[in-house]
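A.B. asks: Let me begin by handing over the structure; questions about it come next.
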Amino acid sequence: MNRSAGRRLTVAALTVIAVTAGATACSSGEGGGSSKAADSGTYTIWDPYPQFDKGSAWAKLLDDCGTKAGVKVKRTAFDTSDLTNKALLAAQQDNSADVLIVDNPVVSTLAEAGVLTTTEDNKLDTSSVEPNLLAAGQADGKTYGTPIGANTLALYYNKAVLKKAGVDIASVKDWKTLTAALEKVDKAGDKGITFSAIGTEEGSFQFLPWLWGSGAQLTELDSTEAVSALSLWNDWLKKGYAPNSVINNTQTTSWQEFASGDYAFAENGTWQLANAEKAGFGYGVIPVPGAKGGNAAAPTGGEFVTIPVQGGTDRYTTSQKLVSCLTSGQNILDTDTTLSYVAPTGEVQDKQVAADAKLKPWVDAVKAAKGRTSDDLGTTYPKISEQLWKAVQSALSGSKSPKDALTAAQSAVK
């Protein structure tokens, strides 16, 4: 990317970006702006982890990587959504951070705006990263950074509820067998499944495994396959297998319903593992099944470590050293353990499973996962997502049939 291209921010990019990271589960916190230090021995890093203070292992890792690169690191933490706007503004003022860690759907927005360097520019090695995870940071054949880790969605299940209903979890292999399990649970007097279908990015995020699991694509929201996915959810509500509260549920309130111990299943993310351990009942995890079997592709959450465009190219070498340090070897294993993320490389994923066998279904889910902006959707994704969650809301509220809701969504996208 040449310098002039780096400064040409698109009008769309300067608009507030409403892509909420439903999957990252980052805590909000305070983080002030931080201009790049004039001292060439100081490098700025902006991240979306305000929950980690100066004494945290994360902050110490940043300092250690700076020491290894022979520089001092000046770190500023922002709330996830605020970080995108700060990054766009800083680029407009030719004052970008040296290293920027952003939610993966935002990468395409920043790339289109000319904010980020490509790995060809900055010489960052991404050869060991799993291709499906790297795809979330790619656009037009170019790669803009490397994932620090990934989280995704799967189905938690309550062992006691399933046992009472006579359901063997091994029998749940596709939509038909999952629905049959929900029917048995309902007849046994318990509740079936809870999820988030709220009218925000969280709702789209949770619907995507079912959309993709049907064989549908985001570019054809009105396909027969897509209609079958929304009809599945709609039928569950009609039959009482899922509660009407899903229409307003966030992923947090959906989890709270499951944590009550009354539900057989809950669609939720890696970030709930610690809460699952505290739930007080036996649980398990399986990947979201595809319509006809196999694991459905679930959307990836998590962040990318990127190197923004600078006025001169002399800083890229050191920035590359910092990024490589943060995303390799023991460092990435420790960081992903802290964040409850699955590592972006097969080698480290194997180490995670060896250390904790409970992570295996999550690693399997991540291996089948897909970036929301993959398939070269880039900045088109937020527009599609908005129409998708509106269609889900329309269908589940009963105002439109699944077919009519998705037909309207596809027309709006076009």
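How things are named: the first chain in the structure tokens is A, the next is B, and so on; residues count from 1 in each chain; ligands count from 1 in the order shown.
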Would you list the contacts of A:Ser319 as a ChimeraX atom specification, taking every protein, DNA or RNA residue within 7 Å and counting only C-alpha atoms, but skipping same-chain residues closer than 6 positions in sequence?

C.D. replies: /A:98-99,307

A.B. asks: Please identify every residue of stretch 305-414 of chain A that has at least one atom no farther than 12 Å from an atom of stretch 289-292 of chain A, counting only C-alpha atoms, and for each give the shortest atom pair and the distance in Å to one decimal, arranged by chain then increasing number, as a Markdown table.

C.D. replies:
| residue | atom | partner | partner_atom | distance |
| --- | --- | --- | --- | --- |
| A:Pro361 | CA | A:Pro289 | CA | 12.0 |
| A:Asp364 | CA | A:Pro289 | CA | 11.8 |
| A:Ala365 | CA | A:Pro289 | CA | 10.0 |
| A:Ala368 | CA | A:Gly290 | CA | 10.9 |

A.B. asks: Applying 9 Å and only C-alpha atoms, which residues near A:Ala279 remain after dropping the ones on its own chain fewer than 4 positions away? List them as a ChimeraX atom specification.

C.D. replies: /A:258-261,274-275,283

A.B. asks: What parts of stretch 186-312 of chain A does DSSP call strand (DSSP E or B)? I'd like the answer as a list in words.

C.D. replies: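 So, restricting stretch 186-312 of chain A to strand (DSSP E or B), we get Lys191, Gly192, Ile193, Thr194, Tyr263, Ala264, Phe265, Ala266, Glu267, Asn268, Gly269, Tyr283, Gly284, Val285, Ile286, Pro289, Asn295, Pro299, Gly301, Glu303, Phe304, Val305, Thr306 and Pro308 of chain A.
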
A.B. asks: Between atom CA of A:Lys72 and atom CA of A:Ser328, measure the distance and give it in Å to one decimal.

C.D. replies: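 Spanning atom CA of A:Lys72 to atom CA of A:Ser328 is a straight-line distance of 19.7 Å.
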
A.B. asks: Atom CA of A:Val161 and atom CA of A:Phe281, how far apart in Å?

C.D. replies: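 Calculated distance between atom CA of A:Phe281 and atom CA of A:Val161 is 9.8 Å.
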
A.B. asks: Taking 5 positions as the minimum chain separation for residues in the same chain, which residues sit within 8 Å of stretch 343-360 of chain A when counting only C-alpha atoms? Answer as a PyMOL selection string.

C.D. replies: chain A and resi 128-130+133+147-150+329+332-333+336

A.B. asks: Generate the output file for the selected residues, all heavy atoms, as a PDB file, in the first residue's frame.

C.D. replies:
ATOM      1  N   SER A 128       1.494 -20.083   9.327  1.00  0.00           N
ATOM      2  CA  SER A 128       1.051 -21.143  10.238  1.00  0.00           C
ATOM      3  C   SER A 128      -0.390 -20.961  10.709  1.00  0.00           C
ATOM      4  O   SER A 128      -0.940 -21.829  11.386  1.00  0.00           O
ATOM      5  CB  SER A 128       1.976 -21.203  11.466  1.00  0.00           C
ATOM      6  OG  SER A 128       1.922 -19.988  12.195  1.00  0.00           O
ATOM      7  N   VAL A 129      -1.013 -19.857  10.338  1.00  0.00           N
ATOM      8  CA  VAL A 129      -2.382 -19.569  10.780  1.00  0.00           C
ATOM      9  C   VAL A 129      -3.381 -20.395   9.969  1.00  0.00           C
ATOM     10  O   VAL A 129      -3.238 -20.537   8.755  1.00  0.00           O
ATOM     11  CB  VAL A 129      -2.706 -18.066  10.624  1.00  0.00           C
ATOM     12  CG1 VAL A 129      -4.146 -17.778  11.039  1.00  0.00           C
ATOM     13  CG2 VAL A 129      -1.743 -17.231  11.461  1.00  0.00           C
ATOM     14  N   GLU A 130      -4.395 -20.933  10.651  1.00  0.00           N
ATOM     15  CA  GLU A 130      -5.426 -21.708   9.973  1.00  0.00           C
ATOM     16  C   GLU A 130      -6.123 -20.825   8.925  1.00  0.00           C
ATOM     17  O   GLU A 130      -6.554 -19.712   9.247  1.00  0.00           O
ATOM     18  CB  GLU A 130      -6.453 -22.218  10.979  1.00  0.00           C
ATOM     19  CG  GLU A 130      -5.915 -23.232  11.981  1.00  0.00           C
ATOM     20  CD  GLU A 130      -5.491 -24.534  11.313  1.00  0.00           C
ATOM     21  OE1 GLU A 130      -6.273 -25.075  10.523  1.00  0.00           O
ATOM     22  OE2 GLU A 130      -4.369 -24.992  11.595  1.00  0.00           O
ATOM     23  N   LEU A 133      -9.443 -18.987   9.649  1.00  0.00           N
ATOM     24  CA  LEU A 133      -9.352 -17.885  10.606  1.00  0.00           C
ATOM     25  C   LEU A 133      -8.693 -16.668   9.974  1.00  0.00           C
ATOM     26  O   LEU A 133      -9.097 -15.528  10.210  1.00  0.00           O
ATOM     27  CB  LEU A 133      -8.582 -18.318  11.852  1.00  0.00           C
ATOM     28  CG  LEU A 133      -9.168 -19.504  12.624  1.00  0.00           C
ATOM     29  CD1 LEU A 133      -8.350 -19.791  13.874  1.00  0.00           C
ATOM     30  CD2 LEU A 133     -10.627 -19.251  12.994  1.00  0.00           C
ATOM     31  N   PRO A 147      -4.686 -13.149  13.269  1.00  0.00           N
ATOM     32  CA  PRO A 147      -5.579 -13.294  14.426  1.00  0.00           C
ATOM     33  C   PRO A 147      -4.803 -13.588  15.709  1.00  0.00           C
ATOM     34  O   PRO A 147      -3.831 -14.346  15.700  1.00  0.00           O
ATOM     35  CB  PRO A 147      -6.470 -14.475  14.041  1.00  0.00           C
ATOM     36  CG  PRO A 147      -5.687 -15.245  13.021  1.00  0.00           C
ATOM     37  CD  PRO A 147      -4.854 -14.241  12.294  1.00  0.00           C
ATOM     38  N   ILE A 148      -5.255 -12.982  16.787  1.00  0.00           N
ATOM     39  CA  ILE A 148      -4.631 -13.262  18.077  1.00  0.00           C
ATOM     40  C   ILE A 148      -5.264 -14.508  18.691  1.00  0.00           C
ATOM     41  O   ILE A 148      -4.722 -15.119  19.607  1.00  0.00           O
ATOM     42  CB  ILE A 148      -4.769 -12.057  19.030  1.00  0.00           C
ATOM     43  CG1 ILE A 148      -3.746 -12.141  20.158  1.00  0.00           C
ATOM     44  CG2 ILE A 148      -6.184 -11.929  19.582  1.00  0.00           C
ATOM     45  CD1 ILE A 148      -3.591 -10.871  20.956  1.00  0.00           C
ATOM     46  N   GLY A 149      -6.395 -14.898  18.162  1.00  0.00           N
ATOM     47  CA  GLY A 149      -7.118 -16.066  18.654  1.00  0.00           C
ATOM     48  C   GLY A 149      -8.539 -15.986  18.150  1.00  0.00           C
ATOM     49  O   GLY A 149      -8.925 -15.015  17.488  1.00  0.00           O
ATOM     50  N   ALA A 150      -9.318 -16.986  18.440  1.00  0.00           N
ATOM     51  CA  ALA A 150     -10.705 -16.986  17.949  1.00  0.00           C
ATOM     52  C   ALA A 150     -11.636 -17.598  18.984  1.00  0.00           C
ATOM     53  O   ALA A 150     -11.247 -18.481  19.750  1.00  0.00           O
ATOM     54  CB  ALA A 150     -10.802 -17.772  16.641  1.00  0.00           C
ATOM     55  N   GLY A 329       4.286 -18.827  19.633  1.00  0.00           N
ATOM     56  CA  GLY A 329       4.796 -19.678  20.710  1.00  0.00           C
ATOM     57  C   GLY A 329       4.008 -19.636  21.992  1.00  0.00           C
ATOM     58  O   GLY A 329       2.775 -19.637  22.016  1.00  0.00           O
ATOM     59  N   ILE A 332       1.274 -16.717  22.635  1.00  0.00           N
ATOM     60  CA  ILE A 332      -0.088 -16.832  22.114  1.00  0.00           C
ATOM     61  C   ILE A 332      -0.885 -17.871  22.903  1.00  0.00           C
ATOM     62  O   ILE A 332      -2.084 -17.714  23.119  1.00  0.00           O
ATOM     63  CB  ILE A 332      -0.086 -17.160  20.601  1.00  0.00           C
ATOM     64  CG1 ILE A 332      -1.471 -16.919  19.986  1.00  0.00           C
ATOM     65  CG2 ILE A 332       0.345 -18.579  20.334  1.00  0.00           C
ATOM     66  CD1 ILE A 332      -1.889 -15.486  19.952  1.00  0.00           C
ATOM     67  N   LEU A 333      -0.210 -18.912  23.387  1.00  0.00           N
ATOM     68  CA  LEU A 333      -0.882 -19.914  24.218  1.00  0.00           C
ATOM     69  C   LEU A 333      -1.360 -19.282  25.515  1.00  0.00           C
ATOM     70  O   LEU A 333      -2.517 -19.472  25.926  1.00  0.00           O
ATOM     71  CB  LEU A 333       0.065 -21.085  24.505  1.00  0.00           C
ATOM     72  CG  LEU A 333      -0.478 -22.178  25.436  1.00  0.00           C
ATOM     73  CD1 LEU A 333      -1.742 -22.802  24.867  1.00  0.00           C
ATOM     74  CD2 LEU A 333       0.585 -23.256  25.671  1.00  0.00           C
ATOM     75  N   ASP A 336      -4.258 -16.659  24.771  1.00  0.00           N
ATOM     76  CA  ASP A 336      -5.536 -17.269  24.417  1.00  0.00           C
ATOM     77  C   ASP A 336      -6.159 -18.010  25.597  1.00  0.00           C
ATOM     78  O   ASP A 336      -7.384 -18.111  25.692  1.00  0.00           O
ATOM     79  CB  ASP A 336      -5.356 -18.203  23.220  1.00  0.00           C
ATOM     80  CG  ASP A 336      -5.159 -17.434  21.923  1.00  0.00           C
ATOM     81  OD1 ASP A 336      -5.578 -16.267  21.868  1.00  0.00           O
ATOM     82  OD2 ASP A 336      -4.586 -17.979  20.973  1.00  0.00           O
TER      83      ASP A 336
END

A.B. asks: So how many Å separate atom CA of A:Gly302 and atom CA of A:Ala242, to one decimal?

C.D. replies: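 Result for atom CA of A:Gly302 versus atom CA of A:Ala242: 27.9 Å, one decimal.
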
A.B. asks: Using only C-alpha atoms, which residue out of A:Leu406, A:Ala87, A:Ile198, A:Leu326 lies closest to A:Ala229?

C.D. replies: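 Among A:Leu406, A:Ala87, A:Ile198, A:Leu326, it is A:Leu406 that comes nearest to A:Ala229.
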
A.B. asks: May I ask which of the residues A:Thr179, A:Asn122, A:Asn85, A:Ser171 is the closest one to A:Lys239, counting only C-alpha atoms?

C.D. replies: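 Closest residue, counting only C-alpha atoms: A:Thr179.
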
A.B. asks: Which residues come within 10 Å of A:Leu62, counting only C-alpha atoms, excluding same-chain residues fewer than 5 positions away, as a list of chain:residue names?

C.D. replies: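 Listed by chain and then number, they are A:Ile45, A:Ala57, A:Thr67, A:Lys72, A:Val73, A:Lys74, A:Arg75, A:Leu322, A:Val323, A:Cys325, A:Leu326.
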
A.B. asks: Would you put the residues from that selection into a file with C-alpha atoms, as a PDB file, in the first residue's frame?

C.D. replies:
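Once everything was written out, this is result39.pdb:
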ATOM      1  CA  ILE A  45      -0.182  -0.230  20.788  1.00  0.00           C
ATOM      2  CA  ALA A  57      -0.236 -10.546  32.380  1.00  0.00           C
ATOM      3  CA  THR A  67      12.010  -5.035  25.465  1.00  0.00           C
ATOM      4  CA  LYS A  72       9.394   0.987  24.888  1.00  0.00           C
ATOM      5  CA  VAL A  73       5.705   0.189  24.444  1.00  0.00           C
ATOM      6  CA  LYS A  74       3.028   2.785  25.162  1.00  0.00           C
ATOM      7  CA  ARG A  75      -0.302   0.980  25.422  1.00  0.00           C
ATOM      8  CA  LEU A 322       6.168  -6.687  18.197  1.00  0.00           C
ATOM      9  CA  VAL A 323       3.297  -8.437  16.415  1.00  0.00           C
ATOM     10  CA  CYS A 325       6.214 -11.669  19.577  1.00  0.00           C
ATOM     11  CA  LEU A 326       2.576 -11.234  20.651  1.00  0.00           C
TER      12      LEU A 326
END

A.B. asks: What lies within 12 Å of stretch 216-227 of chain A using only C-alpha atoms, ignoring chain neighbours under 2 positions off, as a PyMOL selection string?

C.D. replies: chain A and resi 204-205+207-214+229-235+290-292+296-297+299+370-378+380-392+395+401-414
